[in-house]
Amino acid sequence: MKHAPLTIVNGLLVTPGQAPFKGTLRAVDDRIVALGDVAAEMGDTVVDAKGALVTPGLVDLGVFAIDKPAFHFGGITRAALMPDQSPVIDRPSNTRYAAQSGKPDLWVHPLAAATRGLEGKELAEVAMMRDAGAKAVATGRAWIGDSGVMLRLLRYAAMLGMTVITHAEDAGITGGAVATAGEMATRLGLPSAPREAEAVAVARDIALAEMAGAALHFRQITTKAALDLVRAAKAKGLRITAGVTPAHFMLSDTALADFRTFCRLSPPLRQEDDRKAVIAAIGDGTIDVIASGHDPRGPEDKRLPFADAEPGMAGAETLLPLTMTLVRDGVIDMARAFELLATNPARLLGVDAGVLAVGAQADIALIDADKPWIVDSNKMAAAAGNTPFDRQPVQGRVLGLFKGGARVD
């Protein structure tokens, strides 16, 4: 829809590779046309940022539900939807429907199912789904155990110029595990699997990606051994990227002590040395993306014995403030935070967003990075409040959001 040009004044612009600086942003239609020392023109809608950060809207790579209120609260303007839907996004018609589901105030980028029904056996119609709007290919919640199928997928995706997004746990090792093997799982009597299940999956998939010349993104890497493999692959020049959710740099498996099912995640929470390794990997650039893993689950899925509960957390509303803890702790700077939250996921999806730059889509957030608030699972905007961070004080709040230069209410 046509709307008046947008000019945001008195803000601190967050742009790649530099500290936030005072300046003005102007957007016409859906594109940024000027940044820095510019002036509003007659007819512009002028927004006074009052010293707040002016940032790109967040690009959330790999959500399991379209949850607009939670996304808008969290500053998310684009969400890449995992294919694990009902029905599975494994056909062009489902892809097209998903791509339209966010209009008019949210971009939804469906991820094509790698195999029919996400069963890991027969490749899905990836090329047709790409033409219907799919921005990448995903194996869903599961790892493809058949190496021949995975190699064919990687070669096919490379031919199509699409990134493959994979889950990194060898299901033959994890089985029905709900926790990481170690002292905590033993104390609680929970079915557990060794953390090496992640490294085994990562090692195989890196080898296959190298054979295929494909771009491969590990949606969540949570162990030191797997991070070392990703780091080595990048050093070789392979097109390997990795992501993580805040739970795996904020929490360790000690959070399971009271059998709280909001901490039932996939991959499961790891031990403290792995948590510290994740933070180090964010700091040194081994991890490219921080995503919410948004997966709202109601009491029918969570109010169960721990081993019977479904994995997942409502993460969209806490993605920004928990990432801001890394900035305050000196792990990353503000520019790097938004590379992880917006620029890099947009690049993986092949969309011209996620950055404040002339010519980019005018998806913009106004953020008070220091504003304190308390996470409350009973008051969340999400469809369900299954957050492992309930009652935790955090800092960082979205004050305003714009999609394509138009304000999102």
# chains A, B, ... in the order shown; residues from 1 in each chain; ligands from 1
>>> residues_around(residues="range 204-208 of chain A", least_positions_apart="4", cutoff="10 Å", atoms="only C-alpha atoms", output="list in words")
Trp143, Ile144, Gly145, Ser147, Gly148, Met150, Leu151, Arg152, Leu153, Leu154, Arg155, Thr166, Ala168, Asp170, Ala199, Val200, Ala212, Gly213, Ala214, Ala215, Leu216, His217, Phe218, Leu229, Val230, Ala233, Leu238, Arg239 and Ile240 of chain A
>>> write_last_selection(atoms="N, CA and C atoms", output="PDB file, in the first residue's frame")
ATOM      1  N   TRP A 143      17.109 -34.778  11.799  1.00  0.00           N
ATOM      2  CA  TRP A 143      18.293 -34.960  10.971  1.00  0.00           C
ATOM      3  C   TRP A 143      17.996 -36.029   9.935  1.00  0.00           C
ATOM      4  N   ILE A 144      18.474 -35.858   8.715  1.00  0.00           N
ATOM      5  CA  ILE A 144      18.303 -36.894   7.689  1.00  0.00           C
ATOM      6  C   ILE A 144      19.394 -37.940   7.898  1.00  0.00           C
ATOM      7  N   GLY A 145      18.994 -39.124   8.336  1.00  0.00           N
ATOM      8  CA  GLY A 145      19.966 -40.155   8.668  1.00  0.00           C
ATOM      9  C   GLY A 145      20.578 -40.850   7.471  1.00  0.00           C
ATOM     10  N   SER A 147      22.613 -40.939   4.401  1.00  0.00           N
ATOM     11  CA  SER A 147      23.628 -40.055   3.815  1.00  0.00           C
ATOM     12  C   SER A 147      23.431 -39.872   2.320  1.00  0.00           C
ATOM     13  N   GLY A 148      22.909 -40.889   1.646  1.00  0.00           N
ATOM     14  CA  GLY A 148      22.652 -40.756   0.217  1.00  0.00           C
ATOM     15  C   GLY A 148      21.585 -39.728  -0.071  1.00  0.00           C
ATOM     16  N   MET A 150      20.782 -37.210   1.899  1.00  0.00           N
ATOM     17  CA  MET A 150      21.317 -35.901   2.253  1.00  0.00           C
ATOM     18  C   MET A 150      22.253 -35.377   1.170  1.00  0.00           C
ATOM     19  N   LEU A 151      23.070 -36.244   0.593  1.00  0.00           N
ATOM     20  CA  LEU A 151      23.975 -35.806  -0.474  1.00  0.00           C
ATOM     21  C   LEU A 151      23.194 -35.358  -1.699  1.00  0.00           C
ATOM     22  N   ARG A 152      22.147 -36.092  -2.057  1.00  0.00           N
ATOM     23  CA  ARG A 152      21.318 -35.686  -3.203  1.00  0.00           C
ATOM     24  C   ARG A 152      20.650 -34.339  -2.929  1.00  0.00           C
ATOM     25  N   LEU A 153      20.187 -34.164  -1.706  1.00  0.00           N
ATOM     26  CA  LEU A 153      19.563 -32.890  -1.331  1.00  0.00           C
ATOM     27  C   LEU A 153      20.558 -31.746  -1.483  1.00  0.00           C
ATOM     28  N   LEU A 154      21.743 -31.918  -0.948  1.00  0.00           N
ATOM     29  CA  LEU A 154      22.750 -30.859  -0.999  1.00  0.00           C
ATOM     30  C   LEU A 154      23.133 -30.529  -2.437  1.00  0.00           C
ATOM     31  N   ARG A 155      23.288 -31.531  -3.275  1.00  0.00           N
ATOM     32  CA  ARG A 155      23.616 -31.280  -4.682  1.00  0.00           C
ATOM     33  C   ARG A 155      22.484 -30.560  -5.394  1.00  0.00           C
ATOM     34  N   THR A 166      19.745 -27.440   8.441  1.00  0.00           N
ATOM     35  CA  THR A 166      19.602 -28.774   9.011  1.00  0.00           C
ATOM     36  C   THR A 166      19.622 -28.768  10.531  1.00  0.00           C
ATOM     37  N   ALA A 168      21.009 -30.690  13.793  1.00  0.00           N
ATOM     38  CA  ALA A 168      22.289 -31.387  13.973  1.00  0.00           C
ATOM     39  C   ALA A 168      22.281 -32.296  15.194  1.00  0.00           C
ATOM     40  N   ASP A 170      22.358 -36.752  15.617  1.00  0.00           N
ATOM     41  CA  ASP A 170      22.220 -38.079  15.043  1.00  0.00           C
ATOM     42  C   ASP A 170      21.148 -38.832  15.826  1.00  0.00           C
ATOM     43  N   ALA A 199      28.047 -33.579  17.370  1.00  0.00           N
ATOM     44  CA  ALA A 199      29.289 -33.512  16.595  1.00  0.00           C
ATOM     45  C   ALA A 199      29.306 -34.549  15.477  1.00  0.00           C
ATOM     46  N   VAL A 200      28.767 -35.735  15.743  1.00  0.00           N
ATOM     47  CA  VAL A 200      28.714 -36.773  14.707  1.00  0.00           C
ATOM     48  C   VAL A 200      27.887 -36.294  13.520  1.00  0.00           C
ATOM     49  N   ALA A 212      29.317 -31.765  -2.214  1.00  0.00           N
ATOM     50  CA  ALA A 212      28.283 -31.210  -3.081  1.00  0.00           C
ATOM     51  C   ALA A 212      28.549 -29.762  -3.483  1.00  0.00           C
ATOM     52  N   GLY A 213      29.492 -29.102  -2.803  1.00  0.00           N
ATOM     53  CA  GLY A 213      29.705 -27.681  -3.057  1.00  0.00           C
ATOM     54  C   GLY A 213      28.516 -26.848  -2.657  1.00  0.00           C
ATOM     55  N   ALA A 214      27.839 -27.265  -1.583  1.00  0.00           N
ATOM     56  CA  ALA A 214      26.581 -26.632  -1.176  1.00  0.00           C
ATOM     57  C   ALA A 214      26.774 -25.686   0.002  1.00  0.00           C
ATOM     58  N   ALA A 215      25.804 -24.805   0.167  1.00  0.00           N
ATOM     59  CA  ALA A 215      25.731 -23.931   1.343  1.00  0.00           C
ATOM     60  C   ALA A 215      24.887 -24.636   2.397  1.00  0.00           C
ATOM     61  N   LEU A 216      25.443 -24.788   3.587  1.00  0.00           N
ATOM     62  CA  LEU A 216      24.779 -25.536   4.652  1.00  0.00           C
ATOM     63  C   LEU A 216      24.752 -24.705   5.922  1.00  0.00           C
ATOM     64  N   HIS A 217      23.562 -24.602   6.513  1.00  0.00           N
ATOM     65  CA  HIS A 217      23.398 -23.864   7.764  1.00  0.00           C
ATOM     66  C   HIS A 217      22.898 -24.809   8.842  1.00  0.00           C
ATOM     67  N   PHE A 218      23.656 -24.886   9.935  1.00  0.00           N
ATOM     68  CA  PHE A 218      23.217 -25.652  11.095  1.00  0.00           C
ATOM     69  C   PHE A 218      22.372 -24.725  11.965  1.00  0.00           C
ATOM     70  N   LEU A 229      34.257 -28.156  14.855  1.00  0.00           N
ATOM     71  CA  LEU A 229      34.119 -28.655  13.486  1.00  0.00           C
ATOM     72  C   LEU A 229      33.664 -27.543  12.537  1.00  0.00           C
ATOM     73  N   VAL A 230      32.720 -26.738  12.977  1.00  0.00           N
ATOM     74  CA  VAL A 230      32.251 -25.614  12.154  1.00  0.00           C
ATOM     75  C   VAL A 230      33.375 -24.613  11.930  1.00  0.00           C
ATOM     76  N   ALA A 233      35.737 -25.964   9.355  1.00  0.00           N
ATOM     77  CA  ALA A 233      35.146 -25.935   8.013  1.00  0.00           C
ATOM     78  C   ALA A 233      35.190 -24.526   7.428  1.00  0.00           C
ATOM     79  N   LEU A 238      34.731 -23.487   3.311  1.00  0.00           N
ATOM     80  CA  LEU A 238      33.445 -24.098   2.989  1.00  0.00           C
ATOM     81  C   LEU A 238      32.307 -23.148   3.345  1.00  0.00           C
ATOM     82  N   ARG A 239      31.195 -23.294   2.656  1.00  0.00           N
ATOM     83  CA  ARG A 239      30.035 -22.421   2.890  1.00  0.00           C
ATOM     84  C   ARG A 239      29.173 -23.001   4.012  1.00  0.00           C
ATOM     85  N   ILE A 240      29.737 -22.955   5.193  1.00  0.00           N
ATOM     86  CA  ILE A 240      29.082 -23.482   6.388  1.00  0.00           C
ATOM     87  C   ILE A 240      28.777 -22.323   7.327  1.00  0.00           C
TER      88      ILE A 240
END
>>> select_by_dssp(residues="range 119-317 of chain A", states="strand (DSSP E)", output="PyMOL selection string")
chain A and resi 136-138+164-166+179-180+192-193+216-218+240-244+289-290
>>> write_last_selection(atoms="C-alpha atoms", output="mmCIF file, in the first residue's frame")
data_model
loop_
_atom_site.group_PDB
_atom_site.id
_atom_site.type_symbol
_atom_site.label_atom_id
_atom_site.label_comp_id
_atom_site.auth_asym_id
_atom_site.auth_seq_id
_atom_site.Cartn_x
_atom_site.Cartn_y
_atom_site.Cartn_z
ATOM 1 C CA ALA A 136 15.755 -22.051 1.694
ATOM 2 C CA VAL A 137 15.402 -25.790 2.291
ATOM 3 C CA ALA A 138 15.097 -27.318 5.764
ATOM 4 C CA VAL A 164 20.094 -26.189 3.260
ATOM 5 C CA ILE A 165 19.133 -25.659 6.916
ATOM 6 C CA THR A 166 19.602 -28.774 9.011
ATOM 7 C CA ALA A 179 18.499 -34.505 28.236
ATOM 8 C CA THR A 180 22.252 -34.441 27.755
ATOM 9 C CA SER A 192 19.742 -38.950 28.018
ATOM 10 C CA ALA A 193 22.156 -39.070 25.114
ATOM 11 C CA LEU A 216 24.779 -25.536 4.652
ATOM 12 C CA HIS A 217 23.398 -23.864 7.764
ATOM 13 C CA PHE A 218 23.217 -25.652 11.095
ATOM 14 C CA ILE A 240 29.082 -23.482 6.388
ATOM 15 C CA THR A 241 27.159 -21.284 8.807
ATOM 16 C CA ALA A 242 25.741 -21.906 12.259
ATOM 17 C CA GLY A 243 23.053 -20.538 14.517
ATOM 18 C CA VAL A 244 21.954 -20.794 18.123
ATOM 19 C CA VAL A 289 22.872 -16.241 13.567
ATOM 20 C CA ILE A 290 20.963 -15.887 16.811
#
>>> residues_around(residues="range 387-392 of chain A", least_positions_apart="5", cutoff="7 Å", atoms="only C-alpha atoms", output="list in words")
Phe262, Cys263, Met313, Ala314, Gly315, Ile374, Val375, Asp376 and Ser377 of chain A
>>> write_last_selection(atoms="N, CA and C atoms", output="tab-separated table (two decimals), in the first residue's frame")
chain	number	residue	atom	x	y	z
A	262	PHE	N	9.36	-26.20	30.78
A	262	PHE	CA	9.68	-25.06	29.91
A	262	PHE	C	11.15	-25.12	29.46
A	263	CYS	N	11.95	-25.91	30.18
A	263	CYS	CA	13.36	-26.09	29.81
A	263	CYS	C	13.59	-27.36	28.99
A	313	MET	N	10.24	-23.64	22.95
A	313	MET	CA	10.04	-22.48	23.82
A	313	MET	C	9.47	-21.32	23.02
A	314	ALA	N	8.73	-20.47	23.70
A	314	ALA	CA	8.26	-19.22	23.10
A	314	ALA	C	9.40	-18.22	23.21
A	315	GLY	N	10.09	-17.95	22.10
A	315	GLY	CA	11.32	-17.19	22.17
A	315	GLY	C	11.32	-15.83	21.51
A	374	ILE	N	10.45	-7.36	33.14
A	374	ILE	CA	10.51	-8.71	33.69
A	374	ILE	C	9.70	-9.65	32.81
A	375	VAL	N	10.31	-10.72	32.38
A	375	VAL	CA	9.61	-11.72	31.58
A	375	VAL	C	8.55	-12.40	32.45
A	376	ASP	N	7.32	-12.47	31.93
A	376	ASP	CA	6.22	-13.08	32.68
A	376	ASP	C	5.47	-14.00	31.73
A	377	SER	N	5.58	-15.29	31.97
A	377	SER	CA	4.95	-16.26	31.06
A	377	SER	C	3.44	-16.10	30.99
>>> residues_around(residues="Leu81 in chain A", least_positions_apart="4", cutoff="7 Å", atoms="only C-alpha atoms", output="ChimeraX atom specification")
/A:62-65,108-111
>>> closest_residue(among="A:Ser93, A:Thr24, A:Ser292, A:Ser266", to="Ala80 in chain A", atoms="only C-alpha atoms")
A:Ser292
>>> residues_around(residues="Gly140 in chain A", least_positions_apart="6", cutoff="9 Å", atoms="only C-alpha atoms", output="NGL selection string")
:A and (82-84 or 111 or 113-114 or 118 or 165-167)
>>> write_last_selection(atoms="N, CA, C and O atoms", output="tab-separated table (two decimals), in the first residue's frame")
chain	number	residue	atom	x	y	z
A	82	MET	N	9.61	-22.71	9.59
A	82	MET	CA	10.04	-24.09	9.43
A	82	MET	C	8.95	-24.90	8.74
A	82	MET	O	7.76	-24.61	8.88
A	83	PRO	N	9.35	-25.95	8.01
A	83	PRO	CA	8.34	-26.73	7.26
A	83	PRO	C	7.51	-27.65	8.13
A	83	PRO	O	6.54	-28.25	7.64
A	84	ASP	N	7.83	-27.76	9.43
A	84	ASP	CA	7.11	-28.66	10.33
A	84	ASP	C	5.74	-28.09	10.69
A	84	ASP	O	5.49	-27.68	11.83
A	111	LEU	N	10.24	-22.06	4.57
A	111	LEU	CA	11.38	-22.93	4.28
A	111	LEU	C	10.84	-24.24	3.73
A	111	LEU	O	9.99	-24.88	4.36
A	113	ALA	N	10.33	-28.02	2.80
A	113	ALA	CA	10.70	-29.31	3.38
A	113	ALA	C	11.69	-30.01	2.46
A	113	ALA	O	11.50	-30.07	1.25
A	114	ALA	N	12.74	-30.54	3.04
A	114	ALA	CA	13.77	-31.22	2.24
A	114	ALA	C	13.25	-32.51	1.64
A	114	ALA	O	13.61	-32.87	0.51
A	118	LEU	N	8.67	-34.70	5.48
A	118	LEU	CA	9.82	-34.63	6.39
A	118	LEU	C	10.19	-36.02	6.92
A	118	LEU	O	10.65	-36.16	8.06
A	165	ILE	N	19.14	-25.89	5.47
A	165	ILE	CA	19.13	-25.66	6.92
A	165	ILE	C	18.83	-26.99	7.59
A	165	ILE	O	17.80	-27.61	7.34
A	166	THR	N	19.74	-27.44	8.44
A	166	THR	CA	19.60	-28.77	9.01
A	166	THR	C	19.62	-28.77	10.53
A	166	THR	O	20.20	-27.88	11.16
A	167	HIS	N	18.98	-29.78	11.09
A	167	HIS	CA	19.04	-30.06	12.52
A	167	HIS	C	20.24	-30.96	12.77
A	167	HIS	O	20.46	-31.91	12.02
